[in-house]
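> Data: start-v8.txt, compact mmCIF, C-alpha atoms.
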# COMPACT_ATOMS: atom_id res chain seq x y z
CA MET A 283 -21.87 -24.45 -25.60
CA GLU A 284 -22.52 -23.55 -21.97
CA ARG A 285 -19.95 -21.57 -20.00
CA GLU A 286 -19.55 -20.77 -16.32
CA PRO A 287 -17.93 -17.44 -15.41
CA ILE A 288 -14.60 -17.70 -13.60
CA VAL A 289 -12.86 -15.17 -11.33
CA PHE A 290 -9.11 -14.89 -10.63
CA VAL A 291 -7.44 -13.64 -7.46
CA GLY A 292 -3.74 -12.91 -7.52
CA THR A 293 -0.81 -11.18 -5.91
CA SER A 294 2.31 -9.54 -7.27
CA ASP A 295 5.01 -12.03 -6.25
CA LEU A 296 8.73 -11.59 -5.59
CA SER A 297 9.48 -11.58 -9.32
CA GLY A 298 6.82 -8.94 -9.97
CA HIS A 299 4.50 -11.36 -11.80
CA PHE A 300 0.77 -11.43 -10.98
CA ARG A 301 -0.02 -15.00 -9.93
CA GLY A 302 -2.82 -16.74 -8.07
CA LYS A 303 -5.86 -18.98 -8.63
CA SER A 304 -9.30 -18.83 -10.18
CA PHE A 305 -12.69 -20.03 -8.95
CA PRO A 306 -16.32 -20.03 -10.16
CA LEU A 307 -18.00 -16.65 -9.97
CA ALA A 308 -20.90 -18.30 -8.13
CA ASP A 309 -18.54 -18.87 -5.17
CA LEU A 310 -17.46 -15.21 -4.90
CA PRO A 311 -19.34 -14.30 -1.68
CA ASP A 312 -17.70 -17.22 0.12
CA ARG A 313 -14.28 -16.64 -1.45
CA LEU A 314 -14.27 -13.00 -0.33
CA GLN A 315 -14.27 -14.39 3.21
CA ARG A 316 -12.03 -17.45 2.98
CA GLY A 317 -10.07 -16.89 -0.23
CA VAL A 318 -8.17 -19.66 -1.98
CA ASN A 319 -5.49 -21.93 -0.58
CA LEU A 320 -1.87 -21.56 -1.71
CA ALA A 321 1.47 -23.11 -0.89
CA PRO A 322 3.81 -20.42 0.53
CA THR A 323 6.31 -21.49 -2.11
CA ASN A 324 4.03 -20.05 -4.82
CA LEU A 325 5.36 -16.58 -3.94
CA PHE A 326 8.84 -17.81 -4.97
CA LEU A 327 8.15 -18.90 -8.53
CA SER A 328 10.98 -17.48 -10.60
CA ALA A 329 10.71 -14.77 -13.22
CA PHE A 330 10.89 -17.54 -15.84
CA GLY A 331 8.49 -19.94 -14.13
CA PRO A 332 10.45 -22.85 -12.60
CA LEU A 333 11.33 -22.80 -8.92
CA GLN A 334 14.96 -21.84 -8.37
CA TYR A 335 14.80 -21.10 -4.64
CA THR A 336 12.20 -21.35 -1.90
CA PRO A 337 12.62 -21.28 1.89
CA PHE A 338 9.43 -23.34 2.33
CA GLY A 339 9.81 -26.31 0.01
CA THR A 340 6.62 -28.38 -0.07
CA ILE A 341 5.60 -27.43 3.47
CA GLY A 342 2.88 -25.03 4.54
CA GLU A 343 -0.45 -23.50 3.58
CA VAL A 344 -1.63 -19.90 3.31
CA LEU A 345 -4.76 -18.10 2.13
CA LEU A 346 -4.98 -15.60 -0.71
CA ILE A 347 -8.04 -13.49 0.09
CA PRO A 348 -9.56 -11.14 -2.51
CA ASP A 349 -9.76 -7.46 -1.58
CA ALA A 350 -13.27 -6.42 -2.65
CA THR A 351 -12.09 -2.85 -3.34
CA THR A 352 -9.76 -4.05 -6.13
CA ARG A 353 -12.32 -5.80 -8.32
CA VAL A 354 -11.52 -5.63 -12.04
CA ARG A 355 -14.29 -6.61 -14.43
CA VAL A 356 -14.03 -5.62 -18.09
CA PRO A 357 -16.14 -7.27 -20.83
CA PHE A 358 -14.59 -7.79 -24.26
CA ASP A 359 -16.73 -8.36 -27.36
CA GLY A 360 -16.36 -11.89 -28.67
CA SER A 361 -14.13 -12.98 -25.79
CA THR A 362 -14.19 -13.79 -22.10
CA SER A 363 -14.43 -10.93 -19.65
CA GLU A 364 -11.34 -9.87 -17.74
CA HIS A 365 -12.38 -10.52 -14.14
CA PHE A 366 -9.91 -10.54 -11.26
CA PHE A 367 -9.14 -9.28 -7.77
CA LEU A 368 -5.92 -8.36 -6.02
CA GLY A 369 -5.50 -10.32 -2.83
CA ASP A 370 -3.77 -10.41 0.54
CA ILE A 371 -1.75 -13.40 1.76
CA ARG A 372 -2.91 -14.46 5.22
CA THR A 373 -2.50 -17.43 7.57
CA LEU A 374 -5.08 -20.20 7.88
CA GLU A 375 -6.27 -18.36 11.00
CA ASN A 376 -6.82 -15.27 8.78
CA GLU A 377 -3.98 -13.35 10.40
CA THR A 378 -1.42 -11.12 8.69
CA ARG A 379 1.29 -12.99 6.81
CA GLU A 380 4.72 -11.33 6.89
CA PHE A 381 5.50 -12.34 3.28
CA CYS A 382 2.44 -10.56 1.85
CA PRO A 383 3.68 -7.69 -0.40
CA ARG A 384 0.57 -5.58 0.20
CA HIS A 385 1.01 -5.97 3.96
CA ILE A 386 4.67 -4.90 3.72
CA LEU A 387 3.63 -1.69 1.97
CA ARG A 388 0.75 -1.07 4.40
CA ARG A 389 3.20 -1.36 7.29
CA ALA A 390 5.58 1.18 5.70
CA LEU A 391 2.71 3.59 5.05
CA GLU A 392 1.54 3.28 8.64
CA ARG A 393 5.04 4.15 9.85
CA LEU A 394 5.09 7.16 7.53
CA HIS A 395 1.83 8.42 9.01
CA ARG A 396 2.80 7.61 12.59
CA GLU A 397 6.32 9.07 12.54
CA ALA A 398 5.95 11.92 10.04
CA GLY A 399 2.21 12.58 9.95
CA MET A 400 2.10 12.15 6.15
CA THR A 401 0.04 10.18 3.63
CA LEU A 402 1.69 9.09 0.39
CA VAL A 403 0.21 10.23 -2.92
CA SER A 404 1.82 8.53 -5.92
CA SER A 405 1.37 7.34 -9.48
CA PHE A 406 3.24 5.15 -11.96
CA GLU A 407 4.34 6.00 -15.50
CA GLN A 408 4.70 2.66 -17.27
CA GLU A 409 6.49 2.23 -20.58
CA MET A 410 5.88 -0.80 -22.77
CA VAL A 411 6.56 -2.21 -26.23
CA TYR A 412 3.40 -3.18 -28.14
CA SER A 413 3.73 -5.90 -30.78
CA GLY A 414 0.63 -4.77 -32.66
CA VAL A 415 2.50 -2.04 -34.55
CA GLU A 416 4.04 -2.79 -37.93
CA SER A 417 7.81 -2.68 -38.13
CA HIS A 418 8.81 0.92 -38.65
CA PRO A 419 11.66 3.23 -37.64
CA SER A 420 11.23 4.97 -34.32
CA GLN A 421 8.90 7.99 -34.40
CA PRO A 422 9.34 9.54 -30.95
CA TYR A 423 6.21 11.40 -29.77
CA GLU A 424 4.84 11.71 -33.32
CA LEU A 425 1.13 11.65 -34.03
CA ASP A 426 1.77 9.04 -36.71
CA ALA A 427 3.40 6.74 -34.16
CA TYR A 428 0.30 7.13 -32.01
CA ARG A 429 -1.91 6.53 -35.06
CA ARG A 430 -0.14 3.27 -35.92
CA GLN A 431 -1.11 1.56 -32.66
CA GLY A 432 -4.76 1.61 -33.74
CA ILE A 433 -7.33 1.12 -30.98
CA PHE A 434 -4.98 -0.34 -28.37
CA GLY A 435 -4.55 2.93 -26.45
CA GLU A 436 -8.23 3.85 -26.51
CA ALA A 437 -9.27 0.36 -25.39
CA LEU A 438 -6.67 0.35 -22.61
CA LEU A 439 -7.71 3.74 -21.22
CA ALA A 440 -11.39 2.77 -21.39
CA ALA A 441 -10.68 -0.45 -19.48
CA MET A 442 -8.68 1.42 -16.84
CA ARG A 443 -11.40 4.01 -16.29
CA GLN A 444 -14.07 1.33 -16.15
CA VAL A 445 -12.41 -0.27 -13.11
CA GLY A 446 -11.56 2.96 -11.30
CA VAL A 447 -7.95 3.47 -12.43
CA ILE A 448 -8.06 7.03 -13.72
CA PRO A 449 -5.93 7.44 -16.88
CA ASP A 450 -3.69 10.49 -17.06
CA SER A 451 -1.93 10.09 -20.41
CA PHE A 452 -1.07 7.71 -23.25
CA LEU A 453 1.66 8.50 -25.75
CA ALA A 454 4.11 7.17 -28.29
CA GLU A 455 7.46 6.98 -26.55
CA TYR A 456 11.05 7.27 -27.77
CA GLY A 457 11.56 3.75 -29.11
CA ALA A 458 10.02 1.84 -31.99
CA ARG A 459 6.67 0.31 -30.92
CA GLN A 460 7.15 1.86 -27.48
CA TYR A 461 4.26 3.52 -25.65
CA GLU A 462 3.65 4.90 -22.19
CA VAL A 463 0.55 4.94 -20.02
CA THR A 464 0.20 6.92 -16.79
CA SER A 465 -2.50 6.71 -14.15
CA ALA A 466 -3.65 9.61 -12.00
CA PRO A 467 -2.21 9.97 -8.48
CA ALA A 468 -3.75 7.75 -5.81
CA LEU A 469 -3.50 7.52 -2.04
CA GLY A 470 -1.36 4.99 -0.22
CA LEU A 471 -1.68 1.35 -1.23
CA ARG A 472 -4.02 2.12 -4.10
CA ALA A 473 -1.22 3.53 -6.26
CA ALA A 474 0.60 0.18 -6.28
CA ASP A 475 -2.70 -1.63 -6.90
CA ASP A 476 -3.29 0.67 -9.89
CA ALA A 477 0.16 -0.16 -11.26
CA VAL A 478 -0.56 -3.89 -11.15
CA ILE A 479 -4.04 -3.48 -12.61
CA THR A 480 -2.75 -1.27 -15.44
CA ARG A 481 -0.10 -3.80 -16.43
CA GLU A 482 -2.62 -6.62 -16.49
CA LEU A 483 -5.17 -4.60 -18.46
CA ALA A 484 -2.49 -3.66 -21.01
CA GLN A 485 -1.78 -7.36 -21.51
CA ALA A 486 -5.51 -8.13 -21.59
CA VAL A 487 -6.29 -5.55 -24.28
CA ALA A 488 -3.26 -6.54 -26.37
CA HIS A 489 -4.26 -10.22 -26.12
CA ARG A 490 -7.80 -9.51 -27.36
CA LEU A 491 -6.24 -7.69 -30.32
CA GLY A 492 -4.01 -10.68 -31.10
CA HIS A 493 -0.81 -9.14 -29.74
CA ARG A 494 1.10 -8.62 -26.50
CA VAL A 495 3.03 -5.95 -24.65
CA SER A 496 6.42 -6.25 -23.01
CA PHE A 497 7.50 -4.21 -19.98
CA ALA A 498 11.04 -5.65 -19.97
CA PRO A 499 13.70 -3.01 -19.19
CA LEU A 500 15.68 -3.64 -22.38
CA PRO A 501 14.29 -5.75 -25.26
CA GLN A 502 17.73 -6.05 -26.86
CA VAL A 503 21.21 -4.68 -26.29
CA GLY A 504 21.54 -1.33 -28.01
CA GLY A 505 17.77 -0.86 -28.09
CA THR A 506 15.58 1.65 -26.31
CA THR A 507 15.18 1.07 -22.61
CA THR A 508 11.80 0.74 -20.91
CA GLY A 509 11.29 2.14 -17.43
CA THR A 510 8.64 2.69 -14.79
CA HIS A 511 8.74 6.14 -13.21
CA ILE A 512 7.16 6.72 -9.81
CA HIS A 513 5.79 10.18 -9.01
CA TRP A 514 5.12 11.02 -5.40
CA SER A 515 4.04 13.72 -2.98
CA PHE A 516 2.43 13.80 0.49
CA LEU A 517 -0.58 15.12 2.35
CA ASP A 518 -0.45 16.07 6.00
CA SER A 519 -3.05 15.25 8.66
CA HIS A 520 -5.14 18.21 7.44
CA ASN A 521 -5.11 16.92 3.84
CA GLN A 522 -2.70 19.65 2.78
CA PRO A 523 0.31 19.06 0.46
CA THR A 524 3.69 19.07 2.21
CA LEU A 525 6.34 19.14 -0.54
CA TYR A 526 5.97 22.70 -1.83
CA ASP A 527 7.71 25.70 -0.27
CA ASP A 528 8.34 28.61 -2.64
CA THR A 529 10.84 30.18 -0.22
CA ARG A 530 13.33 27.32 -0.51
CA GLN A 531 15.73 25.99 -3.15
CA TRP A 532 13.85 24.17 -5.95
CA GLN A 533 10.61 25.11 -4.11
CA LEU A 534 11.10 21.87 -2.19
CA SER A 535 10.03 21.91 1.46
CA GLU A 536 12.36 20.92 4.26
CA ILE A 537 10.57 17.63 4.91
CA GLY A 538 10.52 16.91 1.18
CA SER A 539 14.24 17.62 0.91
CA ARG A 540 15.00 15.31 3.82
CA PHE A 541 12.81 12.56 2.37
CA ALA A 542 14.58 12.81 -0.99
CA ALA A 543 17.94 12.77 0.80
CA GLY A 544 16.96 9.52 2.49
CA ILE A 545 16.16 7.92 -0.84
CA LEU A 546 19.49 9.04 -2.32
CA GLN A 547 21.37 7.92 0.80
CA HIS A 548 19.98 4.39 0.49
CA LEU A 549 19.60 4.23 -3.28
CA ALA A 550 22.16 1.47 -3.84
CA ALA A 551 20.09 -0.87 -1.64
CA LEU A 552 16.81 0.46 -3.01
CA CYS A 553 17.90 -0.46 -6.54
CA ALA A 554 17.70 -4.16 -5.66
CA LEU A 555 13.93 -3.73 -5.28
CA THR A 556 13.15 -1.09 -7.92
CA ALA A 557 15.52 -2.29 -10.67
CA ALA A 558 15.00 -5.95 -9.87
CA SER A 559 16.44 -7.86 -12.82
CA VAL A 560 19.75 -8.49 -14.50
CA PRO A 561 18.99 -6.32 -17.59
CA SER A 562 17.72 -3.51 -15.35
CA TYR A 563 21.38 -2.56 -14.97
CA TYR A 564 22.01 -2.52 -18.72
CA ARG A 565 19.37 0.23 -18.75
CA LEU A 566 21.12 2.24 -16.01
CA ARG A 567 24.48 2.51 -17.75
CA PRO A 568 25.88 5.99 -18.39
CA GLY A 569 25.00 7.57 -21.71
CA GLY A 570 21.32 6.69 -21.91
CA TRP A 571 18.22 8.61 -20.93
CA ALA A 572 18.15 6.84 -17.60
CA PRO A 573 19.82 7.63 -14.27
CA SER A 574 23.35 6.43 -13.58
CA GLN A 575 23.98 8.30 -10.28
CA ASN A 576 22.18 8.88 -6.98
CA ASN A 577 21.42 12.51 -7.77
CA ILE A 578 18.54 14.96 -7.79
CA GLY A 579 17.87 17.47 -10.56
CA LEU A 580 15.46 20.23 -11.43
CA TYR A 581 13.48 19.13 -14.52
CA ASP A 582 16.31 16.64 -15.20
CA ARG A 583 15.16 13.35 -16.75
CA GLY A 584 18.65 11.93 -16.34
CA ALA A 585 18.57 12.30 -12.55
CA ALA A 586 17.58 9.58 -10.11
CA ILE A 587 15.04 12.00 -8.62
CA ARG A 588 13.53 14.63 -10.87
CA ILE A 589 11.89 17.74 -9.45
CA CYS A 590 8.92 18.07 -11.77
CA SER A 591 7.70 21.28 -13.33
CA ILE A 592 4.44 22.90 -12.28
CA THR A 593 2.18 25.03 -14.44
CA ALA A 594 -0.50 26.23 -12.03
CA ARG A 595 -0.45 29.93 -11.15
CA GLU A 596 -2.27 30.12 -7.83
CA ARG A 597 -0.14 29.05 -4.85
CA ALA A 598 -2.51 26.43 -3.43
CA ALA A 599 -2.86 24.84 -6.86
CA ARG A 600 0.93 24.89 -7.32
CA ALA A 601 1.36 23.10 -4.00
CA ARG A 602 -1.15 20.44 -5.06
CA GLN A 603 0.60 19.91 -8.40
CA PHE A 604 4.19 19.84 -7.08
CA ASN A 605 5.73 16.36 -7.02
CA LEU A 606 8.99 14.45 -7.35
CA GLU A 607 9.71 11.62 -9.77
CA PHE A 608 11.78 8.54 -8.95
CA ARG A 609 13.34 7.24 -12.18
CA VAL A 610 15.46 4.25 -11.08
CA ALA A 611 12.71 1.67 -11.56
CA ASP A 612 11.24 -0.70 -14.12
CA ALA A 613 8.44 -3.25 -14.33
CA THR A 614 10.51 -6.21 -13.16
CA ALA A 615 9.99 -4.74 -9.68
CA ASN A 616 7.18 -5.69 -7.32
CA PRO A 617 5.48 -2.27 -6.95
CA TYR A 618 4.54 -2.89 -3.31
CA LEU A 619 8.08 -3.75 -2.25
CA ALA A 620 9.49 -0.89 -4.31
CA LEU A 621 7.18 1.67 -2.68
CA ALA A 622 7.71 0.19 0.78
CA MET A 623 11.48 0.54 0.48
CA MET A 624 11.19 4.04 -1.01
CA VAL A 625 9.00 5.14 1.89
CA SER A 626 11.31 3.57 4.47
CA ALA A 627 14.44 5.12 2.94
CA GLY A 628 12.78 8.52 2.71
CA LEU A 629 11.45 8.28 6.27
CA ASP A 630 14.99 7.59 7.46
CA GLY A 631 16.00 10.84 5.77
CA VAL A 632 13.26 12.68 7.67
CA THR A 633 13.97 11.21 11.10
CA ALA A 634 17.76 11.52 10.69
CA CYS A 635 17.42 15.12 9.37
CA ARG A 636 19.56 14.30 6.32
CA ASP A 637 20.86 17.28 4.33
CA ILE A 638 20.55 16.67 0.61
CA THR A 639 23.20 19.30 -0.18
CA LEU A 640 25.83 17.20 1.64
CA LEU A 641 25.30 14.10 -0.50
CA ALA A 642 27.92 13.75 -3.23
CA PRO A 643 26.57 11.86 -6.27
CA GLN A 644 27.82 8.27 -6.51
CA PRO A 645 27.43 5.79 -9.38
CA LEU A 646 24.49 3.42 -9.14
CA PRO A 647 25.28 -0.29 -8.70
CA ALA A 648 26.61 -1.76 -11.91
CA SER A 649 24.70 -5.03 -11.56
CA LEU A 650 21.83 -6.68 -9.73
CA GLY A 651 24.39 -8.61 -7.69
CA ALA A 652 26.01 -5.41 -6.46
CA ALA A 653 22.61 -3.96 -5.56
CA LEU A 654 21.74 -7.12 -3.61
CA ASP A 655 24.99 -6.81 -1.66
CA ALA A 656 24.00 -3.25 -0.71
CA LEU A 657 20.51 -4.44 0.24
CA GLU A 658 21.97 -7.13 2.48
CA ARG A 659 23.92 -4.49 4.42
CA SER A 660 20.95 -2.14 4.77
CA GLU A 661 19.33 -1.69 8.18
CA VAL A 662 16.59 0.32 6.48
CA ALA A 663 15.78 -2.65 4.25
CA ALA A 664 15.64 -5.01 7.23
CA LYS A 665 13.16 -2.66 8.88
CA ALA A 666 11.12 -2.15 5.71
CA LEU A 667 10.85 -5.80 4.68
CA GLY A 668 11.46 -7.66 7.91
CA GLU A 669 14.48 -9.93 8.39
CA PRO A 670 12.82 -13.15 7.07
CA VAL A 671 11.56 -11.47 3.88
CA LEU A 672 14.89 -9.72 3.30
CA ALA A 673 16.86 -12.96 3.67
CA ALA A 674 14.48 -14.82 1.36
CA TYR A 675 14.48 -12.06 -1.26
CA LEU A 676 18.29 -12.04 -1.37
CA GLN A 677 18.41 -15.80 -1.92
CA PHE A 678 15.60 -15.66 -4.48
CA LYS A 679 17.26 -12.99 -6.60
CA ARG A 680 20.73 -14.54 -6.36
CA ALA A 681 19.23 -17.76 -7.67
CA GLU A 682 17.80 -15.79 -10.60
CA ILE A 683 21.26 -14.43 -11.39
CA ALA A 684 22.79 -17.90 -11.18
CA SER A 685 20.18 -19.29 -13.60
CA LEU A 686 21.47 -16.92 -16.30
CA GLU A 687 25.15 -17.76 -15.91
CA GLY A 688 26.89 -18.29 -19.26
CA LEU A 689 24.31 -16.38 -21.32
CA ASP A 690 25.30 -13.27 -23.26
CA GLU A 691 23.51 -9.98 -22.74
CA ASN A 692 21.31 -10.29 -25.83
CA GLU A 693 20.07 -13.70 -24.76
CA ILE A 694 19.40 -12.42 -21.23
CA CYS A 695 17.41 -9.48 -22.64
CA ARG A 696 15.44 -11.86 -24.87
CA ARG A 697 14.52 -14.11 -21.97
CA TYR A 698 13.18 -11.24 -19.87
CA ALA A 699 11.31 -9.75 -22.84
CA GLU A 700 9.47 -13.06 -23.23
CA VAL A 701 8.10 -13.04 -19.68
CA TYR A 702 7.62 -9.35 -18.79
Could you write out this structure as structure tokens?


Amino acid sequence: MEREPIVFVGTSDLSGHFRGKSFPLADLPDRLQRGVNLAPTNLFLSAFGPLQYTPFGTIGEVLLIPDATTRVRVPFDGSTSEHFFLGDIRTLENETREFCPRHILRRALERLHREAGMTLVSSFEQEMVYSGVESHPSQPYELDAYRRQGIFGEALLAAMRQVGVIPDSFLAEYGARQYEVTSAPALGLRAADDAVITRELAQAVAHRLGHRVSFAPLPQVGGTTTGTHIHWSFLDSHNQPTLYDDTRQWQLSEIGSRFAAGILQHLAALCALTAASVPSYYRLRPGGWAPSQNNIGLYDRGAAIRICSITARERAARARQFNLEFRVADATANPYLALAMMVSAGLDGVTACRDITLLAPQPLPASLGAALDALERSEVAAKALGEPVLAAYLQFKRAEIASLEGLDENEICRRYAEVY
């Protein structure tokens, strides 16, 4: 039987799913220039598939153009190769499209560099539940729990490294069948690209092994929650780290403190983009190992922002290792929009000289609806996303909430676990 190789190009859409189109590999040189045609409405496919809201209807045409630097090509014995690109949404005239998630993050990163002279360095810790493990009581962090997942972890890390996503760690997490993979820090846009690629490779490896992974924030009520933690730091114009200052409280520099204060100041609005689903807020309830307030803590995994420990001894190495961790996020978020809003909120803290010691901890929004209300009132969000994208995102997510009306929490968790 003859076969012709096929390539996929996709984008992380408003629901955080990776969607796009495929084409024959023979056409790749041409497609790198002109991409594939899409309806603008494609960006508004719901988390569950059917259209629930779109501002475009049947009208319009855009291009999804592969970014050659994001090529993912991984062969699998006895199966098709995994071959895809991440792409940018552009107009038919090949101009920037305001609804492109990668463009929104690029714009935020350019503002960060222009107004604060800093370059973002970040990485994503991504928790998941792997179905290829026999039913067994939870074995948090045990070697036997790692052993039971077989070759999944090794195959995943090999696939990541093969495409330039440098693995940092893989471990058995707190819950039954729950694992975590972390990629090494990357500059700017590449960190969000790595997050998308890692998720897709995790699904690809699991599929070749006859299983799947779920990144849903809560598989079932009363179960173990699944989050995505974002670590970040900055480099200045001389490629030097900017967060570390061993003369200050928590060893956190003044600009780092102000940036963190900005995130905490705008966290209610930020939640609508980082904890982007209905069950995200079941995860953030008090009493679990997840944040429930807009607070910062030294080595505190229950805080919204954790000041991470450092083990290096020499000062320059300590400064390079020092980073903060944002813990109010999960994989229902679009990583580009989440990072763009984080950067914009933090930059507001820098330019407004916000004092983190003056911020009294407040409860996080109790629901996605409450977070969307905060997002709607946020001038920072309007600046980060642009007014048209903000308005469309609000409508899109409110339609998602409405589609679940009448379902109990277990059924809602089940539905998300099926598609994330």

> Just checking: using all atoms listed in the file, which residue out of A:Lys303, A:His493, A:Arg443, A:His520 ends up closest to Val354 (chain A)?

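Closest residue, counting all atoms listed in the file: A:Arg443.
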
> When you look at Cys553 (chain A) with a cut-off of 10 Å (counting all atoms listed in the file), what residues show up, excluding the ones that are within fewer than 6 positions of it in the same chain? I need them as a compact mmCIF listing (two decimals) with C-alpha atoms, in the frame of the given file.


# COMPACT_ATOMS: atom_id res chain seq x y z
CA SER A 559 16.44 -7.86 -12.82
CA SER A 562 17.72 -3.51 -15.35
CA TYR A 563 21.38 -2.56 -14.97
CA VAL A 610 15.46 4.25 -11.08
CA ALA A 611 12.71 1.67 -11.56
CA ALA A 615 9.99 -4.74 -9.68
CA ALA A 620 9.49 -0.89 -4.31
CA MET A 623 11.48 0.54 0.48
CA MET A 624 11.19 4.04 -1.01
CA LEU A 646 24.49 3.42 -9.14
CA PRO A 647 25.28 -0.29 -8.70
CA SER A 649 24.70 -5.03 -11.56
CA LEU A 650 21.83 -6.68 -9.73
CA ALA A 652 26.01 -5.41 -6.46
CA ALA A 653 22.61 -3.96 -5.56
CA LEU A 654 21.74 -7.12 -3.61
CA ALA A 656 24.00 -3.25 -0.71
CA LEU A 657 20.51 -4.44 0.24

> If you count all atoms listed in the file, which residues fall within 8 Å of Leu314 (chain A), apart from same-chain ones fewer than 5 positions away, as JSON, numbers by chain?

{"A": [347, 348, 349, 350]}

> Give the answer as one residue: which of A:Ala598, A:Leu387, A:Ala699, A:Ala684 has the shortest atom-to-atom distance to Tyr335 (chain A), using all atoms listed in the file?

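Of A:Ala598, A:Leu387, A:Ala699, A:Ala684, the one nearest Tyr335 (chain A) is A:Ala684, counting all atoms listed in the file.
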
> Tell me which of A:Val445, A:Val671, A:Leu453, A:Leu534 sits closest to Asp475 (chain A), counting all atoms listed in the file.

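For Asp475 (chain A), the nearest of the given residues is A:Val445.
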